[in-house]
$ cat query-v9.csv   # CSV, C-alpha atoms
chain,number,residue,atom,x,y,z
A,724,MET,CA,48.0,-23.9,54.8
A,725,ARG,CA,45.4,-21.7,56.4
A,726,ARG,CA,46.9,-18.8,54.4
A,727,ALA,CA,46.6,-20.8,51.2
A,728,ILE,CA,43.0,-21.6,51.8
A,729,ALA,CA,42.3,-17.9,52.6
A,730,THR,CA,44.0,-16.9,49.4
A,731,LEU,CA,42.0,-19.4,47.4
A,732,LEU,CA,38.7,-18.2,48.9
A,733,ALA,CA,39.7,-14.6,48.2
A,734,LEU,CA,40.5,-15.5,44.6
A,735,GLY,CA,37.2,-17.4,44.3
A,736,ALA,CA,35.3,-14.4,45.5
A,737,ILE,CA,37.1,-12.1,43.0
A,738,VAL,CA,36.3,-14.5,40.1
A,739,LEU,CA,32.7,-14.7,41.2
A,740,ALA,CA,32.4,-11.0,41.6
A,741,THR,CA,33.9,-10.5,38.2
A,742,LEU,CA,31.4,-12.9,36.7
A,743,VAL,CA,28.5,-11.2,38.3
A,744,PHE,CA,29.5,-7.6,37.6
A,745,THR,CA,30.7,-8.1,34.0
A,746,SER,CA,27.6,-10.0,33.0
A,747,ASP,CA,25.6,-8.0,30.5
A,748,ARG,CA,22.5,-9.9,31.5
A,749,PRO,CA,22.1,-9.0,35.1
A,750,SER,CA,18.5,-10.2,35.1
A,751,ALA,CA,19.7,-13.7,34.5
A,752,TRP,CA,21.1,-13.7,38.0
A,753,ARG,CA,17.8,-12.7,39.5
A,754,GLY,CA,15.5,-15.5,38.8
A,755,ALA,CA,13.1,-16.7,36.1
A,756,SER,CA,14.9,-18.1,33.2
A,757,HIS,CA,12.8,-16.6,30.4
A,758,GLU,CA,13.5,-13.0,31.6
A,759,SER,CA,17.1,-13.3,30.7
A,760,LEU,CA,16.0,-13.2,27.0
A,761,LEU,CA,14.8,-9.6,27.3
A,762,HIS,CA,16.8,-6.8,25.8
A,763,GLY,CA,15.4,-4.0,28.0
A,764,HIS,CA,15.8,-3.6,31.7
A,765,ASP,CA,13.5,-6.0,33.6
A,766,VAL,CA,11.2,-4.3,36.1
A,767,SER,CA,8.9,-7.2,36.7
A,768,GLY,CA,9.5,-7.0,40.4
A,769,GLU,CA,8.1,-3.4,40.6
A,770,ASP,CA,4.5,-2.2,40.3
A,771,TRP,CA,5.0,0.5,37.7
A,772,GLY,CA,2.0,2.0,35.9
A,773,ALA,CA,-0.6,0.7,38.4
A,774,ASP,CA,-2.0,4.1,39.2
A,775,PHE,CA,-2.4,5.4,35.8
A,776,VAL,CA,-5.7,7.0,34.7
A,777,LEU,CA,-5.8,9.1,31.5
A,778,SER,CA,-8.2,9.8,28.8
A,779,ASP,CA,-8.2,8.8,25.1
A,780,PRO,CA,-9.0,11.4,22.4
A,781,SER,CA,-12.7,10.5,22.6
A,782,GLY,CA,-12.7,11.5,26.3
A,783,ARG,CA,-12.9,7.9,27.6
A,784,GLU,CA,-10.9,7.2,30.8
A,785,ARG,CA,-8.2,4.6,30.3
A,786,THR,CA,-6.1,2.5,32.6
A,787,LEU,CA,-3.6,-0.3,31.7
A,788,ARG,CA,-6.4,-2.9,32.5
A,789,ASP,CA,-8.2,-1.8,29.3
A,790,TYR,CA,-5.4,-3.2,27.2
A,791,ARG,CA,-5.2,-6.7,28.8
A,792,GLY,CA,-4.6,-9.4,26.2
A,793,LYS,CA,-2.2,-7.1,24.3
A,794,VAL,CA,1.4,-6.1,24.9
A,795,VAL,CA,1.5,-2.3,25.4
A,796,LEU,CA,4.4,-0.1,24.2
A,797,LEU,CA,4.1,3.1,26.1
A,798,SER,CA,6.2,6.3,25.8
A,799,PHE,CA,5.9,9.9,27.1
A,800,GLY,CA,6.3,12.9,24.9
A,801,TYR,CA,4.6,15.9,23.3
A,802,THR,CA,3.6,16.8,19.8
A,803,HIS,CA,5.8,19.8,19.5
A,804,CYS,CA,8.8,17.6,19.9
A,805,PRO,CA,10.8,17.7,16.6
A,806,ASP,CA,12.9,14.6,16.8
A,807,VAL,CA,12.7,12.2,19.7
A,808,CYS,CA,9.0,11.7,19.9
A,809,PRO,CA,8.4,11.2,16.1
A,810,THR,CA,11.4,8.9,16.0
A,811,THR,CA,10.1,6.8,18.8
A,812,LEU,CA,6.6,6.6,17.3
A,813,ALA,CA,8.1,5.7,13.9
A,814,LYS,CA,10.1,3.0,15.6
A,815,PHE,CA,6.9,1.6,17.2
A,816,ALA,CA,5.4,1.5,13.7
A,817,GLU,CA,8.4,-0.5,12.6
A,818,VAL,CA,8.0,-2.9,15.6
A,819,ARG,CA,4.5,-3.5,14.4
A,820,ARG,CA,5.7,-4.3,10.9
A,821,LEU,CA,8.4,-6.7,12.3
A,822,LEU,CA,5.8,-8.5,14.3
A,823,GLY,CA,3.8,-9.5,11.2
A,824,ALA,CA,0.9,-11.6,12.2
A,825,ASP,CA,1.3,-10.6,15.9
A,826,ALA,CA,1.0,-6.9,15.1
A,827,GLY,CA,-2.7,-6.9,16.2
A,828,ARG,CA,-1.6,-8.1,19.7
A,829,VAL,CA,0.3,-4.9,20.4
A,830,GLN,CA,-1.1,-1.5,21.5
A,831,VAL,CA,1.0,1.6,21.3
A,832,LEU,CA,0.1,4.4,23.8
A,833,PHE,CA,1.7,7.9,23.6
A,834,VAL,CA,1.2,9.9,26.8
A,835,THR,CA,1.5,13.6,26.4
A,836,VAL,CA,3.5,15.4,29.1
A,837,ASP,CA,2.3,18.7,27.6
A,838,PRO,CA,-1.5,18.5,28.1
A,839,ALA,CA,-1.8,22.3,28.0
A,840,ARG,CA,-0.9,22.4,24.3
A,841,ASP,CA,-1.7,18.9,23.3
A,842,SER,CA,-5.5,18.9,23.0
A,843,ALA,CA,-7.5,15.7,22.4
A,844,GLU,CA,-7.9,16.9,18.8
A,845,LEU,CA,-4.2,17.4,18.2
A,846,LEU,CA,-3.4,14.0,19.7
A,847,ARG,CA,-6.1,12.4,17.5
A,848,ALA,CA,-4.5,13.9,14.4
A,849,PHE,CA,-0.8,13.4,15.4
A,850,VAL,CA,-0.5,9.9,17.0
A,851,PRO,CA,-2.5,7.8,14.4
A,852,SER,CA,-0.5,9.4,11.6
A,853,PHE,CA,2.3,7.0,12.5
A,854,ASP,CA,-0.1,4.0,12.6
A,855,PRO,CA,-3.9,4.1,12.7
A,856,SER,CA,-3.9,1.8,15.7
A,857,PHE,CA,-1.8,4.1,17.9
A,858,VAL,CA,-3.6,5.9,20.7
A,859,GLY,CA,-2.6,9.3,22.3
A,860,LEU,CA,-3.6,9.7,25.9
A,861,ARG,CA,-3.8,12.9,28.0
A,862,GLY,CA,-4.8,13.8,31.5
A,863,THR,CA,-5.2,16.7,33.8
A,864,PRO,CA,-1.9,18.0,35.2
A,865,ALA,CA,-2.5,15.9,38.3
A,866,GLN,CA,-3.3,12.8,36.3
A,867,THR,CA,-0.2,13.4,34.1
A,868,ASP,CA,2.0,13.8,37.2
A,869,ALA,CA,0.5,10.6,38.7
A,870,ALA,CA,1.2,8.7,35.4
A,871,ILE,CA,4.7,9.9,35.3
A,872,LYS,CA,5.3,9.1,38.9
A,873,SER,CA,3.8,5.7,38.4
A,874,PHE,CA,6.5,4.8,35.8
A,875,ARG,CA,9.3,6.4,37.8
A,876,ALA,CA,9.7,8.7,34.8
A,877,ARG,CA,10.4,12.5,34.9
A,878,TYR,CA,9.4,15.6,32.9
A,879,GLN,CA,10.0,19.2,33.2
A,880,VAL,CA,8.4,22.1,31.4
A,881,VAL,CA,11.1,24.8,30.8
A,882,GLU,CA,10.0,28.3,29.8
A,883,ARG,CA,12.6,30.5,28.3
A,884,ASN,CA,12.1,33.7,26.4
A,885,GLY,CA,8.5,32.7,25.7
A,886,ASP,CA,9.6,29.4,24.5
A,887,ILE,CA,8.3,26.2,26.0
A,888,GLU,CA,10.6,23.2,26.0
A,889,VAL,CA,9.6,20.0,27.6
A,890,ASP,CA,12.3,17.7,28.9
A,891,HIS,CA,11.0,14.2,29.5
A,892,THR,CA,11.9,10.6,29.9
A,893,ALA,CA,12.4,9.1,26.4
A,894,SER,CA,12.4,5.4,27.4
A,895,THR,CA,9.8,2.9,26.2
A,896,TYR,CA,7.8,0.8,28.7
A,897,LEU,CA,6.6,-2.7,27.8
A,898,ILE,CA,3.5,-3.9,29.6
A,899,ASP,CA,2.5,-7.5,29.4
A,900,THR,CA,-0.8,-9.0,28.4
A,901,ARG,CA,-2.0,-8.9,32.1
A,902,GLY,CA,-1.4,-5.2,32.4
A,903,LYS,CA,1.9,-5.5,34.3
A,904,THR,CA,4.9,-3.3,33.4
A,905,ARG,CA,7.7,-5.7,32.7
A,906,VAL,CA,10.5,-3.9,30.7
A,907,VAL,CA,12.0,-0.4,30.3
A,908,ALA,CA,13.9,0.0,27.1
A,909,PRO,CA,16.3,2.9,26.5
A,910,TYR,CA,15.6,5.5,23.8
A,911,ASP,CA,18.2,4.1,21.4
A,912,GLU,CA,17.0,0.5,21.6
A,913,ALA,CA,16.4,-0.7,18.0
A,914,ALA,CA,13.0,-1.7,16.7
A,915,ARG,CA,14.2,-5.3,16.2
A,916,GLN,CA,15.1,-5.6,19.9
A,917,LEU,CA,11.8,-4.1,21.0
A,918,ALA,CA,10.0,-6.6,18.7
A,919,ASP,CA,12.0,-9.4,20.3
A,920,ASP,CA,10.9,-8.3,23.8
A,921,VAL,CA,7.3,-8.0,22.6
A,922,ARG,CA,7.4,-11.5,21.2
A,923,GLU,CA,8.9,-12.8,24.5
A,924,LEU,CA,6.1,-11.2,26.5
A,925,LEU,CA,3.5,-12.5,24.1
A,926,ARG,CA,5.0,-16.0,24.4
A,927,ALA,CA,5.0,-15.8,28.2
A,928,GLY,CA,1.3,-14.8,28.0
B,181,MET,CA,56.4,55.1,-16.5
B,182,ARG,CA,53.7,53.7,-18.6
B,183,THR,CA,55.1,50.3,-18.0
B,184,LEU,CA,55.0,50.9,-14.2
B,185,LEU,CA,51.4,52.1,-14.4
B,186,GLY,CA,50.5,49.0,-16.4
B,187,LEU,CA,52.2,46.8,-13.8
B,188,VAL,CA,50.3,48.5,-11.0
B,189,GLY,CA,47.1,48.0,-13.0
B,190,ILE,CA,47.8,44.3,-13.4
B,191,LEU,CA,48.7,43.9,-9.7
B,192,ALA,CA,45.4,45.6,-8.8
B,193,ALA,CA,43.5,43.4,-11.1
B,194,VAL,CA,45.2,40.3,-9.6
B,195,ALA,CA,44.5,41.5,-6.1
B,196,THR,CA,40.8,42.0,-6.9
B,197,ALA,CA,40.6,38.6,-8.5
B,198,ASN,CA,42.1,37.1,-5.4
B,199,VAL,CA,39.5,38.8,-3.1
B,200,GLY,CA,36.8,37.4,-5.4
B,201,ALA,CA,38.4,34.0,-5.3
B,202,ARG,CA,38.3,33.8,-1.5
B,203,GLN,CA,34.7,32.7,-1.5
B,204,PRO,CA,33.9,30.5,1.4
B,205,SER,CA,31.2,28.1,0.7
B,206,LEU,CA,28.6,26.3,2.8
B,207,THR,CA,27.3,23.1,1.2
B,208,VAL,CA,24.0,21.9,2.3
B,209,SER,CA,22.8,18.3,1.6
B,210,ASP,CA,20.0,15.9,2.6
B,211,ALA,CA,17.8,18.8,3.9
B,212,TRP,CA,14.2,18.0,4.8
B,213,ALA,CA,11.5,19.2,7.1
B,214,ARG,CA,9.1,17.0,9.1
B,215,ALA,CA,5.5,17.4,8.2
B,216,THR,CA,3.0,18.6,10.9
B,217,VAL,CA,-0.7,18.1,11.5
B,218,GLU,CA,-3.2,20.9,12.1
B,219,GLY,CA,-2.6,22.4,15.5
B,220,GLN,CA,1.1,21.6,15.8
B,221,THR,CA,3.1,24.8,15.9
B,222,GLY,CA,6.6,23.6,15.7
B,223,SER,CA,8.7,21.2,13.6
B,224,GLY,CA,12.3,20.3,12.8
B,225,ILE,CA,14.4,20.7,9.7
B,226,PHE,CA,17.2,18.2,9.3
B,227,LEU,CA,20.3,18.6,7.1
B,228,ARG,CA,24.0,18.1,6.6
B,229,LEU,CA,26.5,21.0,6.4
B,230,ARG,CA,30.0,21.2,5.0
B,231,SER,CA,31.9,24.4,5.1
B,232,SER,CA,35.0,25.0,3.0
B,233,GLU,CA,36.7,26.8,5.9
B,234,ASP,CA,36.2,27.0,9.7
B,235,ALA,CA,32.8,28.6,10.1
B,236,GLN,CA,30.0,28.8,12.6
B,237,LEU,CA,26.3,28.4,12.2
B,238,VAL,CA,24.8,31.2,14.3
B,239,GLY,CA,21.1,31.2,13.5
B,240,ALA,CA,18.3,30.7,10.9
B,241,SER,CA,15.2,32.4,9.7
B,242,SER,CA,12.2,31.5,7.6
B,243,SER,CA,9.0,33.1,6.5
B,244,ALA,CA,7.2,29.9,7.4
B,245,ALA,CA,7.6,30.4,11.1
B,246,GLU,CA,7.7,33.2,13.7
B,247,ARG,CA,11.1,32.1,14.8
B,248,VAL,CA,13.8,29.6,13.8
B,249,GLU,CA,16.5,28.3,16.2
B,250,ILE,CA,19.4,25.9,16.2
B,251,HIS,CA,18.7,23.2,18.8
B,252,GLU,CA,20.8,20.7,20.5
B,253,MET,CA,19.1,17.5,21.7
B,254,ARG,CA,20.4,15.1,24.2
B,255,VAL,CA,19.2,12.0,26.0
B,256,VAL,CA,21.0,11.8,29.4
B,257,ASN,CA,20.0,9.1,31.9
B,258,GLY,CA,16.9,8.4,29.8
B,259,MET,CA,15.8,12.0,29.9
B,260,MET,CA,15.5,14.0,26.7
B,261,THR,CA,16.5,17.6,26.8
B,262,MET,CA,16.4,20.2,24.0
B,263,ARG,CA,18.1,23.5,24.2
B,264,ARG,CA,18.7,26.4,21.9
B,265,ILE,CA,22.4,26.9,21.0
B,266,GLU,CA,23.9,30.3,20.0
B,267,ARG,CA,26.5,28.8,17.7
B,268,LEU,CA,27.5,25.5,16.1
B,269,PRO,CA,31.1,25.2,15.0
B,270,LEU,CA,31.5,24.0,11.4
B,271,PRO,CA,35.1,22.8,11.0
B,272,ALA,CA,36.7,23.1,7.5
B,273,GLU,CA,35.8,20.3,5.2
B,274,GLN,CA,34.0,18.3,7.8
B,275,THR,CA,30.4,17.2,7.4
B,276,VAL,CA,28.3,18.2,10.4
B,277,ALA,CA,24.9,16.4,10.6
B,278,LEU,CA,22.0,18.2,12.1
B,279,GLU,CA,19.9,15.0,12.2
B,280,HIS,CA,19.8,13.7,15.8
B,281,ASP,CA,22.1,15.7,18.1
B,282,TYR,CA,21.1,19.0,16.4
B,283,HIS,CA,18.3,20.3,14.3
B,284,VAL,CA,16.9,23.5,13.0
B,285,MET,CA,13.7,24.2,15.0
B,286,LEU,CA,10.8,26.0,13.4
B,287,ILE,CA,8.7,27.8,16.1
B,288,GLY,CA,5.3,29.3,15.6
B,289,LEU,CA,4.5,27.8,12.2
B,290,LYS,CA,2.1,29.9,10.2
B,291,ARG,CA,0.5,26.9,8.6
B,292,PRO,CA,0.9,23.1,8.7
B,293,LEU,CA,3.8,21.6,6.7
B,294,GLN,CA,2.3,19.3,4.1
B,295,PRO,CA,4.3,16.4,2.8
B,296,GLY,CA,5.4,16.8,-0.9
B,297,ARG,CA,5.7,20.6,-0.5
B,298,SER,CA,8.9,22.3,0.7
B,299,VAL,CA,9.9,25.0,3.1
B,300,VAL,CA,12.6,27.6,2.6
B,301,VAL,CA,14.9,28.5,5.5
B,302,THR,CA,17.9,30.8,5.5
B,303,LEU,CA,21.0,29.7,7.5
B,304,HIS,CA,23.0,32.5,9.0
B,305,TRP,CA,26.7,31.7,9.5
B,306,LEU,CA,30.0,33.4,10.2
B,307,ASP,CA,33.0,32.6,7.9
B,308,ALA,CA,36.6,32.2,9.1
B,309,THR,CA,37.0,36.0,9.1
B,310,GLY,CA,33.9,36.5,11.2
B,311,MET,CA,31.9,37.9,8.2
B,312,ARG,CA,28.2,37.2,8.4
B,313,ARG,CA,26.9,35.2,5.5
B,314,ALA,CA,23.5,33.7,4.6
B,315,THR,CA,22.6,30.5,2.7
B,316,ASP,CA,19.1,29.7,1.5
B,317,VAL,CA,18.0,26.1,1.9
B,318,VAL,CA,14.9,24.5,0.2
B,319,ALA,CA,13.9,21.6,2.5
B,320,PRO,CA,11.3,19.2,1.0
B,321,ILE,CA,8.6,18.2,3.5
B,322,ARG,CA,8.6,14.5,4.4
B,323,ALA,CA,5.9,12.5,6.2
B,324,LEU,CA,5.5,13.1,9.9
B,325,ASN,CA,6.9,9.6,10.6
B,326,ALA,CA,10.1,9.9,8.5
B,327,ASP,CA,13.2,9.0,10.5
B,328,ALA,CA,15.9,11.7,10.8
B,329,GLY,CA,19.0,10.3,9.2
B,330,SER,CA,17.3,7.7,7.2
B,331,ALA,CA,18.6,9.2,4.0
B,332,LYS,CA,21.9,7.7,4.8
B,333,GLY,CA,20.5,4.5,6.2
B,334,LYS,CA,22.0,5.2,9.6
B,335,ARG,CA,19.2,3.6,11.5
B,336,GLU,CA,17.1,0.6,11.1
$ encode --input "query-v9.csv" --output "structure tokens"
Amino acid sequence: MRRAIATLLALGAIVLATLVFTSDRPSAWRGASHESLLHGHDVSGEDWGADFVLSDPSGRERTLRDYRGKVVLLSFGYTHCPDVCPTTLAKFAEVRRLLGADAGRVQVLFVTVDPARDSAELLRAFVPSFDPSFVGLRGTPAQTDAAIKSFRARYQVVERNGDIEVDHTASTYLIDTRGKTRVVAPYDEAARQLADDVRELLRAG
Amino acid sequence: MRTLLGLVGILAAVATANVGARQPSLTVSDAWARATVEGQTGSGIFLRLRSSEDAQLVGASSSAAERVEIHEMRVVNGMMTMRRIERLPLPAEQTVALEHDYHVMLIGLKRPLQPGRSVVVTLHWLDATGMRRATDVVAPIRALNADAGSAKGKRE
């Protein structure tokens, strides 16, 4: 009889473990019910982006607090990037279209990881060509490093035969209307899913 | 004897014709270049290739840029990396898309690429016998925010 109970308990544990580990919504197990609706990875429990101070093309210092009241879509990149960065910015423009009347409640920030080549003028010409509301941000090398570190992101400038290639985190960060980083979405997340997450963050306030 | 000479002549003609007939072809489709703004010194050209026989793309050149390279792009663990590759296999009768995983990279642009214009790039490739060949491509310049691969509706 004792062996039967032990077997049952073991089976129960296996079933429970299977349920937990095969769930494609791990955040649902962690707490607040509305978070389970998010497509991207929920990082609400962290304090990402808190130390970020960068400048907009007019030279004004910016932190995430400046965008309170809006949901921020933030990505890192550089203007010499032929595919990933333009694709991401074009996707953000699509997210804005999908949001319709809520489009004005979203702010896209593109943070250069190549401030040596990406001047304020270049960012001013490049970033708004995807949507006039988009803002490019740059900092000193130290500020850039701090911003990257603040989002647990990575970048690396690779020089080879006089060529400069910049490897960087291609994920999208979603910051809620109170300036708190809530979601990290992978590079290949579709515009529709990002728009869903933005709506969810707008709904939650 | 005359007959024999005639026969040799015919055989020679046939042989020559055969050499001429073995004409490996590289078909390029959906080529376009991404526009740039003033100050940007690099951009990408995206296209699809289909070779009639096993071939390899080994480089590219253009008068629009100081250097042109074939690049491979990957996103691994959220990190985007881009590297030059020496050769890209083009298996016979298979379409190889240089749209997301690969692209032709223009480095050191001499002037901005304006939408509505086009840029000419020469692709250098090796046919199945290892002979070096070149194919010119005229790539229309599309808006900066065009999505690579959108011609086929691959993405949303």
$ interface_residues --input "query-v9.csv" --of "chain B" --to "chain A" --cutoff "8 Å" --atoms "all atoms listed in the file" --output "list in words"
Arg214, Thr216, Val217, Glu218, Gly219, Gln220, Thr221, Gly222, Ser223, Gly224, Val255, Gly258, Met259, Met260, Thr261, Met262, Arg263, His280, Met285, Leu324, Asn325, Ala326, Asp327, Ala328 and Glu336 of chain B
$ residues_around --input "query-v9.csv" --residues "Ser241 in chain B" --least-positions-apart "6" --cutoff "7 Å" --atoms "all atoms listed in the file" --output "list in words"
Arg247, Val248, Val301, Thr302 and Leu303 of chain B
$ atom_distance --input "query-v9.csv" --atom1 "CA of Val907 in chain A" --atom2 "CA of His764 in chain A"
5.2 Å
$ residues_around --input "query-v9.csv" --residues "Ala240 in chain B" --least-positions-apart "6" --cutoff "12 Å" --atoms "all atoms listed in the file" --output "PDB file with C-alpha atoms, in the frame of the given file"
ATOM      1  CA  ILE B 225      14.400  20.700   9.700  1.00  0.00           C
ATOM      2  CA  GLU B 246       7.700  33.200  13.700  1.00  0.00           C
ATOM      3  CA  ARG B 247      11.100  32.100  14.800  1.00  0.00           C
ATOM      4  CA  VAL B 248      13.800  29.600  13.800  1.00  0.00           C
ATOM      5  CA  GLU B 249      16.500  28.300  16.200  1.00  0.00           C
ATOM      6  CA  ILE B 250      19.400  25.900  16.200  1.00  0.00           C
ATOM      7  CA  HIS B 251      18.700  23.200  18.800  1.00  0.00           C
ATOM      8  CA  ARG B 264      18.700  26.400  21.900  1.00  0.00           C
ATOM      9  CA  ILE B 265      22.400  26.900  21.000  1.00  0.00           C
ATOM     10  CA  GLU B 266      23.900  30.300  20.000  1.00  0.00           C
ATOM     11  CA  ARG B 267      26.500  28.800  17.700  1.00  0.00           C
ATOM     12  CA  LEU B 268      27.500  25.500  16.100  1.00  0.00           C
ATOM     13  CA  HIS B 283      18.300  20.300  14.300  1.00  0.00           C
ATOM     14  CA  VAL B 284      16.900  23.500  13.000  1.00  0.00           C
ATOM     15  CA  MET B 285      13.700  24.200  15.000  1.00  0.00           C
ATOM     16  CA  LEU B 286      10.800  26.000  13.400  1.00  0.00           C
ATOM     17  CA  ILE B 287       8.700  27.800  16.100  1.00  0.00           C
ATOM     18  CA  VAL B 300      12.600  27.600   2.600  1.00  0.00           C
ATOM     19  CA  VAL B 301      14.900  28.500   5.500  1.00  0.00           C
ATOM     20  CA  THR B 302      17.900  30.800   5.500  1.00  0.00           C
ATOM     21  CA  LEU B 303      21.000  29.700   7.500  1.00  0.00           C
ATOM     22  CA  HIS B 304      23.000  32.500   9.000  1.00  0.00           C
ATOM     23  CA  TRP B 305      26.700  31.700   9.500  1.00  0.00           C
ATOM     24  CA  ARG B 313      26.900  35.200   5.500  1.00  0.00           C
ATOM     25  CA  ALA B 314      23.500  33.700   4.600  1.00  0.00           C
ATOM     26  CA  THR B 315      22.600  30.500   2.700  1.00  0.00           C
ATOM     27  CA  ASP B 316      19.100  29.700   1.500  1.00  0.00           C
ATOM     28  CA  VAL B 317      18.000  26.100   1.900  1.00  0.00           C
TER      29      VAL B 317
END
$ atom_distance --input "query-v9.csv" --atom1 "CA of Leu860 in chain A" --atom2 "CA of Gly827 in chain A"
19.2 Å
$ closest_residue --input "query-v9.csv" --among "B:Leu270, B:Met253, B:Leu289, B:Ala277" --to "Val238 in chain B" --atoms "all atoms listed in the file"
B:Leu270
$ residues_near_point --input "query-v9.csv" --point "(-7.7, 2.6, 20.6)" --cutoff "9 Å" --atoms "all atoms listed in the file" --output "PyMOL selection string"
chain A and resi 779+830-832+855-859
$ residues_around --input "query-v9.csv" --residues "range 793-799 of chain A" --least-positions-apart "3" --cutoff "6 Å" --atoms "all atoms listed in the file" --output "JSON, numbers by chain"
{"A": [790, 828, 829, 830, 831, 832, 833, 834, 835, 895, 896, 897, 898, 899, 900]}
$ residues_near_point --input "query-v9.csv" --point "(19.4, 16.7, 2.2)" --cutoff "10 Å" --atoms "only C-alpha atoms" --output "PyMOL selection string"
chain B and resi 208-213+225-229+317-320+329+331-332
$ closest_residue --input "query-v9.csv" --among "A:Ala865, A:Leu925, A:Val906, A:Leu822" --to "Leu761 in chain A" --atoms "all atoms listed in the file"
A:Val906
$ closest_residue --input "query-v9.csv" --among "B:Arg312, B:Glu273, B:Glu279, B:Ser242" --to "Ser298 in chain B" --atoms "all atoms listed in the file"
B:Ser242
$ atom_distance --input "query-v9.csv" --atom1 "CA of Arg788 in chain A" --atom2 "CA of Val836 in chain A"
21.1 Å
$ closest_residue --input "query-v9.csv" --among "B:Gln236, B:Ala215, B:Leu306, B:Thr207" --to "Arg322 in chain B" --atoms "only C-alpha atoms"
B:Ala215
$ closest_residue --input "query-v9.csv" --among "B:Gly288, B:Pro271, B:Asn257, B:Ser205" --to "Ala245 in chain B" --atoms "only C-alpha atoms"
B:Gly288
$ build_atoms --input "query-v9.csv" --residues "range 782-797 of chain A" --atoms "N, CA and C atoms" --output "tab-separated table (two decimals), in the frame of the given file"
chain	number	residue	atom	x	y	z
A	782	GLY	N	-12.31	11.02	24.98
A	782	GLY	CA	-12.70	11.50	26.30
A	782	GLY	C	-12.89	10.30	27.29
A	783	ARG	N	-12.71	9.07	26.79
A	783	ARG	CA	-12.90	7.90	27.60
A	783	ARG	C	-11.73	7.66	28.56
A	784	GLU	N	-12.02	7.42	29.82
A	784	GLU	CA	-10.90	7.20	30.80
A	784	GLU	C	-10.29	5.82	30.51
A	785	ARG	N	-8.99	5.78	30.58
A	785	ARG	CA	-8.20	4.60	30.30
A	785	ARG	C	-7.26	4.23	31.41
A	786	THR	N	-7.15	2.94	31.70
A	786	THR	CA	-6.10	2.50	32.60
A	786	THR	C	-5.43	1.30	31.84
A	787	LEU	N	-4.35	0.79	32.41
A	787	LEU	CA	-3.60	-0.30	31.70
A	787	LEU	C	-4.51	-1.56	31.63
A	788	ARG	N	-5.49	-1.69	32.52
A	788	ARG	CA	-6.40	-2.90	32.50
A	788	ARG	C	-7.14	-2.96	31.17
A	789	ASP	N	-7.41	-1.77	30.56
A	789	ASP	CA	-8.20	-1.80	29.30
A	789	ASP	C	-7.47	-2.47	28.17
A	790	TYR	N	-6.17	-2.65	28.30
A	790	TYR	CA	-5.40	-3.20	27.20
A	790	TYR	C	-4.94	-4.65	27.47
A	791	ARG	N	-5.57	-5.27	28.46
A	791	ARG	CA	-5.20	-6.70	28.80
A	791	ARG	C	-5.44	-7.54	27.55
A	792	GLY	N	-4.54	-8.52	27.40
A	792	GLY	CA	-4.60	-9.40	26.20
A	792	GLY	C	-3.65	-8.90	25.14
A	793	LYS	N	-3.18	-7.65	25.29
A	793	LYS	CA	-2.20	-7.10	24.30
A	793	LYS	C	-0.93	-6.72	25.10
A	794	VAL	N	0.18	-6.69	24.38
A	794	VAL	CA	1.40	-6.10	24.90
A	794	VAL	C	1.35	-4.64	24.60
A	795	VAL	N	1.55	-3.78	25.59
A	795	VAL	CA	1.50	-2.30	25.40
A	795	VAL	C	2.93	-1.77	25.30
A	796	LEU	N	3.15	-0.94	24.29
A	796	LEU	CA	4.40	-0.10	24.20
A	796	LEU	C	3.97	1.28	24.56
A	797	LEU	N	4.54	1.81	25.63
A	797	LEU	CA	4.10	3.10	26.10
A	797	LEU	C	5.32	4.08	26.15
